[in-house]
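Everything below concerns the one structure shown next.
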Amino acid sequence: GNIHYYEFVLKESNFTRLCSTKSILTVNGSFPGPVIRVHKGDTVFVNVHNHGYYGATIHWHGVKQPRNPWSDGPEFITQCPIEPGTNFTYEVTFTTEEGTLWWHAHSEWTRATVHGAIVVLPAAGTVYPFPKPDEEEVIVLACWYKRDLRQMVEQAIATGDDTPRSDAYTFNGQPGDLCPCSNETSYRMLVDYGKAYLLRIVNAGMNAPFFFSIANHTITLVGLDAAYVKPVTSTYLVISPGQTMDVLVTANQTPSHYYMAARQYSSTEPDILFFDHVNATAILQYRGNYTPPSSPFFPSSTLPSYKDFIAAANFTTRFRSLASLEHPTNVPQNATTRMFIVVSMGLVSNSSWNGINGDGSKLASSMNNISWVNPPIDVLMAYYRNISGIYEADFPNDPPSSYNYTGQDLSIDTLLPMKGTKVKVLEYNETVEIVFQGTNVLAEVHPMHLHGHSFYVIGTGIGNFDEETDPKGYNLVDPPLVNTLAVPQEGWATVRFMANNPGVWFMHCHYDRHLTWGMDFAFIVKNGDTSSRSMRHPPAYMPPCTASAADHSL
Ligand code: C2O
Ligand code: CU
């Protein structure tokens, strides 16, 4: 593979959206940030210079970083923040991924504005497993907040209130012409009649999945989280925060202007009431001589309504990996470690700490009733240097036995998780099965994301997981291989993966409000028996852990 070098300068820049101007943290002054373009097998060195006002880190979402957790990025998990005035160089190696991924800040809510796409092209001498498109386009879906996000989040954490909601969704940085003061700047993708396009779609949004549809055009999903899938043809898609999708579309309609629209999918919660503008739009615009319509066609019949969870399930249950000779699957046929993880919302109090239940005055999220607390120095360094007192290695394989996780009459204990920094330790090459079970407490979809590995999604369903009947329906032949999995609302999902990447790897919900409230934990994957099966030693320079950087947790 080739080696590429990027310079990322974190700096404040002024942007005008929705009729007002504000300063946001950016990489190299752009929103969304620069695209990293590589071929499979390449290595990228990204030197991140922090010219901003606060510490930050960058994560390479979906890049497995074999044996190199030091460059993974989540703050207080694998490194401490890069403080203002300092820099840190990440080494990012693309070994098995092919398709679209993304990078983003992994420090509190900084990723709202600090993110960009990663395009991993096939290795030299290899081709796409689908007809080569004529052109490619990156589409990053994200959020825009009119007020200062960092201030709002810190206030929400201090008071225990719900976190702020965005003022608009964006297509490559633009809310689109249905939003105020956004007409001139609407994102336009120019196409030629008859050509085929590959859209590389990233959901960089903070807290909600999106439905996406293009008026009058069908789309074909061919890739998911930088792994190819059997083609899924549809009039819409649904994409969760953290997910990336490769989609083919042919410009085969009457030359005109067509909306591409993204709409929040917000399950049954009345979140929608808080938003003025639930649709972000861009325009698919044919080149040529014709009279454009007074307003572009809208995908009114194909874009599902914001709480259409049946439409969401109808799309996501169609994912199958290629499982071909060139793109084989390697689904573990059984598991050496099984975990049943209840992912839930709950409440803790401001004063409780270290496992003492509180008075329930602050919103919290938990996994197996434990709400994650960031340690003062990163878990990786504590593990590497054998520093005690930073984390506990007793994250449970199961929820508390009394835990009534889906009934309508949840006991108070269920709603008051313990706080803790608990990790799950795995032997090298263990095969791990996790059943994620959602609950009915402020029920929502939870996009669970694992660092350092991809997992096979072998089953999903609505309601309580039934250990007698549900495993009979598992797909062990061609399940999709992903880094982020949307656990259905009040439902369950089962994944399997091989723990073949030694290091410390974060696992969390990719909604930032749930991440902030503690729906997180980490795996430690131990070294194997040889140095090539062991994690690398840290680079000569890692950002130091300063006391001021430490107190950012709940
Ligand atoms: Cu995309 Cu831990 O994150
Ligand atoms: Cu969640």
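FYI, nothing fancy with the structure tokens labels: chains A, B, ... in order, residues from 1 per chain, ligands from 1 as they appear.
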
Next on the checklist: Which residues are close to region 375-385 of chain A, i.e. within 12 Å by only C-alpha atoms, leaving aside same-chain residues fewer than 4 positions away? Reply as a ChimeraX atom specification.
Outcome noted: /A:68-81,354,389-393,419-425,502-506,521-527,534-539,542-554

Those same residues - C-alpha atoms - I'd like them written as a JSON list (two decimals), in the first residue's frame.
```
[["chain", "number", "residue", "atom", "x", "y", "z"],
["A", 68, "ASN", "CA", -2.57, -0.12, 17.27],
["A", 69, "PRO", "CA", -5.15, 1.16, 19.75],
["A", 70, "TRP", "CA", -2.81, 4.13, 20.38],
["A", 71, "SER", "CA", -4.17, 5.79, 17.24],
["A", 72, "ASP", "CA", -7.85, 4.97, 17.79],
["A", 73, "GLY", "CA", -8.70, 8.28, 19.45],
["A", 74, "PRO", "CA", -11.56, 8.15, 22.00],
["A", 75, "GLU", "CA", -10.57, 10.45, 24.86],
["A", 76, "PHE", "CA", -9.92, 8.78, 28.22],
["A", 77, "ILE", "CA", -10.19, 5.36, 26.54],
["A", 78, "THR", "CA", -7.06, 5.21, 24.37],
["A", 79, "GLN", "CA", -5.51, 8.64, 24.90],
["A", 80, "CYS", "CA", -5.87, 11.94, 26.69],
["A", 81, "PRO", "CA", -6.96, 15.03, 24.74],
["A", 354, "ASN", "CA", -18.60, 4.97, 42.70],
["A", 389, "GLY", "CA", -7.39, 2.19, 40.50],
["A", 390, "ILE", "CA", -8.27, 3.56, 37.05],
["A", 391, "TYR", "CA", -10.78, 0.93, 35.95],
["A", 392, "GLU", "CA", -12.30, -2.32, 37.22],
["A", 393, "ALA", "CA", -12.23, -5.49, 35.14],
["A", 419, "LYS", "CA", -21.75, 4.54, 38.06],
["A", 420, "GLY", "CA", -18.47, 2.90, 37.24],
["A", 421, "THR", "CA", -15.51, 2.46, 34.92],
["A", 422, "LYS", "CA", -15.88, -1.25, 34.27],
["A", 423, "VAL", "CA", -14.26, -3.08, 31.37],
["A", 424, "LYS", "CA", -14.70, -6.57, 29.97],
["A", 425, "VAL", "CA", -11.45, -8.51, 29.49],
["A", 502, "PRO", "CA", -5.31, -6.81, 21.02],
["A", 503, "GLY", "CA", -5.83, -3.48, 22.79],
["A", 504, "VAL", "CA", -8.51, -1.42, 24.48],
["A", 505, "TRP", "CA", -11.66, -0.83, 22.43],
["A", 506, "PHE", "CA", -14.60, 1.36, 23.25],
["A", 521, "PHE", "CA", -17.95, 0.45, 28.25],
["A", 522, "ALA", "CA", -14.65, -0.87, 26.93],
["A", 523, "PHE", "CA", -13.22, -4.23, 25.99],
["A", 524, "ILE", "CA", -9.64, -5.14, 26.76],
["A", 525, "VAL", "CA", -8.47, -7.78, 24.28],
["A", 526, "LYS", "CA", -5.37, -9.44, 25.69],
["A", 527, "ASN", "CA", -2.23, -10.14, 23.72],
["A", 534, "SER", "CA", 0.24, -8.45, 20.59],
["A", 535, "MET", "CA", -0.53, -4.78, 20.63],
["A", 536, "ARG", "CA", 2.19, -2.37, 19.62],
["A", 537, "HIS", "CA", 4.05, -0.26, 22.10],
["A", 538, "PRO", "CA", 2.95, 3.36, 22.41],
["A", 539, "PRO", "CA", 4.53, 5.90, 20.09],
["A", 542, "MET", "CA", 1.24, 10.47, 23.58],
["A", 543, "PRO", "CA", -0.68, 13.57, 24.76],
["A", 544, "PRO", "CA", -0.19, 13.85, 28.52],
["A", 545, "CYS", "CA", -3.13, 13.44, 30.86],
["A", 546, "THR", "CA", -3.54, 16.74, 32.69],
["A", 547, "ALA", "CA", -5.78, 17.20, 35.68],
["A", 548, "SER", "CA", -7.83, 19.86, 33.92],
["A", 549, "ALA", "CA", -8.60, 17.49, 31.09],
["A", 550, "ALA", "CA", -9.90, 14.90, 33.48],
["A", 551, "ASP", "CA", -13.10, 16.31, 34.90],
["A", 552, "HIS", "CA", -15.27, 16.16, 31.79],
["A", 553, "SER", "CA", -17.42, 13.24, 32.82],
["A", 554, "LEU", "CA", -20.86, 13.40, 34.41]]
```

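Considering only C-alpha atoms and all ligand atoms, the residues that reside within 7 Å of ligand 1 can be listed as His59, His61, Pro74, His104, His106, Gly242, His449, His451, Phe506, Met507, His508 and His510 of chain A.
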
Next on the checklist: Taking 3 positions as the minimum chain separation for residues in the same chain, which residues sit within 6 Å of Asn203 (chain A) when counting only C-alpha atoms? Answer as a ChimeraX atom specification.
Outcome noted: /A:141,241-243

Output C-alpha atoms of each residue in that selection to a file, as a PDB file, in the first residue's frame.
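Output file part_33.pdb follows:
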```
ATOM      1  CA  LEU A 141     -25.589  14.313   6.863  1.00  0.00           C
ATOM      2  CA  PRO A 241     -25.529   7.951  13.521  1.00  0.00           C
ATOM      3  CA  GLY A 242     -22.184   6.258  12.926  1.00  0.00           C
ATOM      4  CA  GLN A 243     -23.315   4.266   9.914  1.00  0.00           C
TER       5      GLN A 243
END
```

Checklist entry - When the cut-off is 12 Å and you count only C-alpha atoms and all ligand atoms, which residues lie near ligand 2, shown as an NGL selection string? => result :A and (206-209 or 240-242 or 342-346 or 364-367 or 436-439 or 441-449 or 484-490 or 507-520)

Kindly save the residues from that selection, with N, CA and C atoms included, as a short mmCIF file (atom, residue, chain, number, x, y, z; two decimals), in the first residue's frame.
```
data_model
loop_
_atom_site.label_atom_id
_atom_site.label_comp_id
_atom_site.auth_asym_id
_atom_site.auth_seq_id
_atom_site.Cartn_x
_atom_site.Cartn_y
_atom_site.Cartn_z
N MET A 206 -26.00 13.84 15.37
CA MET A 206 -25.66 13.62 16.78
C MET A 206 -26.57 12.65 17.49
N ASN A 207 -27.85 12.65 17.14
CA ASN A 207 -28.79 11.94 18.01
C ASN A 207 -29.94 11.24 17.32
N ALA A 208 -29.93 11.16 16.00
CA ALA A 208 -31.09 10.55 15.37
C ALA A 208 -30.71 9.88 14.05
N PRO A 209 -31.38 8.76 13.75
CA PRO A 209 -31.25 8.18 12.41
C PRO A 209 -32.00 9.06 11.40
N SER A 240 -28.34 5.24 10.63
CA SER A 240 -28.18 5.68 12.02
C SER A 240 -26.88 6.46 12.19
N PRO A 241 -26.80 7.29 13.24
CA PRO A 241 -25.53 7.95 13.52
C PRO A 241 -24.40 6.92 13.62
N GLY A 242 -23.31 7.19 12.94
CA GLY A 242 -22.18 6.26 12.93
C GLY A 242 -22.15 5.40 11.69
N VAL A 342 -28.22 -5.36 28.55
CA VAL A 342 -29.42 -4.52 28.52
C VAL A 342 -28.98 -3.07 28.38
N VAL A 343 -29.47 -2.43 27.33
CA VAL A 343 -29.13 -1.02 27.09
C VAL A 343 -30.35 -0.20 27.45
N SER A 344 -30.18 0.70 28.41
CA SER A 344 -31.37 1.39 28.93
C SER A 344 -31.09 2.83 29.31
N MET A 345 -32.16 3.56 29.38
CA MET A 345 -32.13 4.89 29.97
C MET A 345 -32.48 4.77 31.44
N GLY A 346 -32.08 5.77 32.23
CA GLY A 346 -32.40 5.75 33.65
C GLY A 346 -32.06 7.11 34.25
N ALA A 364 -29.61 9.49 32.93
CA ALA A 364 -28.45 8.62 32.75
C ALA A 364 -28.79 7.57 31.71
N SER A 365 -27.75 6.93 31.18
CA SER A 365 -27.92 5.76 30.33
C SER A 365 -27.02 4.69 30.89
N SER A 366 -27.35 3.44 30.62
CA SER A 366 -26.52 2.38 31.19
C SER A 366 -26.47 1.17 30.28
N MET A 367 -25.49 0.31 30.55
CA MET A 367 -25.40 -1.01 29.95
C MET A 367 -25.25 -1.98 31.12
N PHE A 436 -27.93 -7.66 22.55
CA PHE A 436 -28.32 -6.36 23.10
C PHE A 436 -29.83 -6.35 23.26
N GLN A 437 -30.28 -5.98 24.46
CA GLN A 437 -31.72 -5.91 24.70
C GLN A 437 -32.09 -4.48 25.06
N GLY A 438 -32.98 -3.89 24.29
CA GLY A 438 -33.48 -2.56 24.62
C GLY A 438 -34.59 -2.64 25.65
N THR A 439 -34.93 -1.53 26.24
CA THR A 439 -36.00 -1.50 27.25
C THR A 439 -37.06 -0.47 26.86
N VAL A 441 -37.86 2.06 28.76
CA VAL A 441 -37.64 3.33 29.47
C VAL A 441 -37.18 4.36 28.44
N LEU A 442 -37.99 5.36 28.17
CA LEU A 442 -37.69 6.35 27.13
C LEU A 442 -37.19 5.62 25.87
N ALA A 443 -37.97 4.65 25.43
CA ALA A 443 -37.54 3.72 24.40
C ALA A 443 -37.10 4.43 23.12
N GLU A 444 -35.99 3.97 22.61
CA GLU A 444 -35.44 4.51 21.37
C GLU A 444 -34.60 3.45 20.71
N VAL A 445 -34.27 3.69 19.45
CA VAL A 445 -33.24 2.91 18.77
C VAL A 445 -31.90 3.23 19.46
N HIS A 446 -31.00 2.26 19.57
CA HIS A 446 -29.64 2.55 20.06
C HIS A 446 -28.62 2.05 19.04
N PRO A 447 -27.94 2.95 18.33
CA PRO A 447 -26.90 2.51 17.40
C PRO A 447 -25.61 2.16 18.15
N MET A 448 -25.41 0.87 18.41
CA MET A 448 -24.25 0.43 19.19
C MET A 448 -23.04 0.31 18.28
N HIS A 449 -21.95 0.91 18.71
CA HIS A 449 -20.73 0.96 17.89
C HIS A 449 -19.57 0.34 18.66
N THR A 484 -21.44 -0.56 13.36
CA THR A 484 -22.50 0.10 14.10
C THR A 484 -23.80 -0.63 13.81
N LEU A 485 -24.55 -0.92 14.85
CA LEU A 485 -25.76 -1.71 14.70
C LEU A 485 -26.90 -0.99 15.41
N ALA A 486 -27.99 -0.73 14.69
CA ALA A 486 -29.13 -0.07 15.32
C ALA A 486 -29.98 -1.11 16.04
N VAL A 487 -29.86 -1.18 17.36
CA VAL A 487 -30.72 -2.08 18.15
C VAL A 487 -32.12 -1.51 18.07
N PRO A 488 -33.10 -2.31 17.59
CA PRO A 488 -34.43 -1.72 17.40
C PRO A 488 -35.05 -1.25 18.70
N GLN A 489 -35.90 -0.27 18.58
CA GLN A 489 -36.60 0.26 19.75
C GLN A 489 -37.39 -0.85 20.45
N GLU A 490 -37.21 -1.00 21.77
CA GLU A 490 -37.85 -2.05 22.56
C GLU A 490 -37.66 -3.42 21.93
N MET A 507 -16.89 0.65 23.32
CA MET A 507 -18.18 0.18 22.80
C MET A 507 -19.23 1.12 23.36
N HIS A 508 -20.03 1.72 22.49
CA HIS A 508 -20.99 2.70 23.01
C HIS A 508 -22.12 2.96 22.03
N CYS A 509 -23.18 3.58 22.56
CA CYS A 509 -24.25 4.06 21.72
C CYS A 509 -23.75 5.29 20.98
N HIS A 510 -24.08 5.39 19.68
CA HIS A 510 -23.58 6.51 18.88
C HIS A 510 -24.51 7.72 18.89
N TYR A 511 -25.50 7.75 19.79
CA TYR A 511 -26.19 8.99 20.08
C TYR A 511 -25.33 9.72 21.10
N ASP A 512 -24.98 10.96 20.83
CA ASP A 512 -24.07 11.63 21.77
C ASP A 512 -24.70 11.85 23.14
N ARG A 513 -26.05 12.01 23.17
CA ARG A 513 -26.61 12.21 24.50
C ARG A 513 -26.54 10.92 25.32
N HIS A 514 -26.67 9.77 24.67
CA HIS A 514 -26.55 8.51 25.41
C HIS A 514 -25.10 8.22 25.77
N LEU A 515 -24.20 8.57 24.87
CA LEU A 515 -22.76 8.43 25.15
C LEU A 515 -22.38 9.26 26.38
N THR A 516 -22.86 10.50 26.40
CA THR A 516 -22.58 11.39 27.53
C THR A 516 -23.17 10.86 28.83
N TRP A 517 -24.34 10.25 28.73
CA TRP A 517 -25.04 9.78 29.94
C TRP A 517 -24.56 8.40 30.39
N GLY A 518 -23.64 7.78 29.66
CA GLY A 518 -23.01 6.56 30.20
C GLY A 518 -23.33 5.26 29.51
N MET A 519 -23.91 5.28 28.31
CA MET A 519 -24.19 4.03 27.61
C MET A 519 -22.92 3.57 26.88
N ASP A 520 -21.92 3.23 27.68
CA ASP A 520 -20.58 2.95 27.16
C ASP A 520 -19.89 1.92 28.05
#
```

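Minimum distance to Ser401 (chain A) across A:Asn429, A:Gly116, A:Asn369, A:Leu450 (counting only C-alpha atoms) occurs at A:Asn369.
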
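Nearest-residue note for Val191 (chain A): choosing from A:Asp529, A:Glu135, A:Glu433, A:Asp398, the minimum distance belongs to A:Glu135, counting only C-alpha atoms.
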
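You can rank A:Gly52, A:Pro479, A:Pro133, A:Gly452 by their closest distance to Pro332 (chain A) using only C-alpha atoms, and at the top of that list sits A:Pro479.
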
Next on the checklist: as number ranges by chain, please: every residue in region 202-261 of chain A that a backbone DSSP assignment puts in strand (DSSP E).
Outcome noted: A: 202-203, 210-214, 219-224, 227-234, 237-239, 244-250, 257-261

Item to check | Glu83 (chain A) surroundings by only C-alpha atoms, 8 Å radius, close-in-sequence under 3 positions cut, as an NGL selection string | outcome: :A and (50 or 54-56 or 86-87 or 543)

Item to check | Selected residue of minimal separation from Thr281 (chain A) among A:Ser186, A:Asp192, A:Asn216, A:Leu221, counting only C-alpha atoms | outcome: A:Ser186

Next on the checklist: Please determine, counting only C-alpha atoms, which residue among A:Pro255, A:Pro480, A:Pro399, A:Gly99 has the shortest atom-to-atom distance to Phe497 (chain A).
Outcome noted: A:Pro480
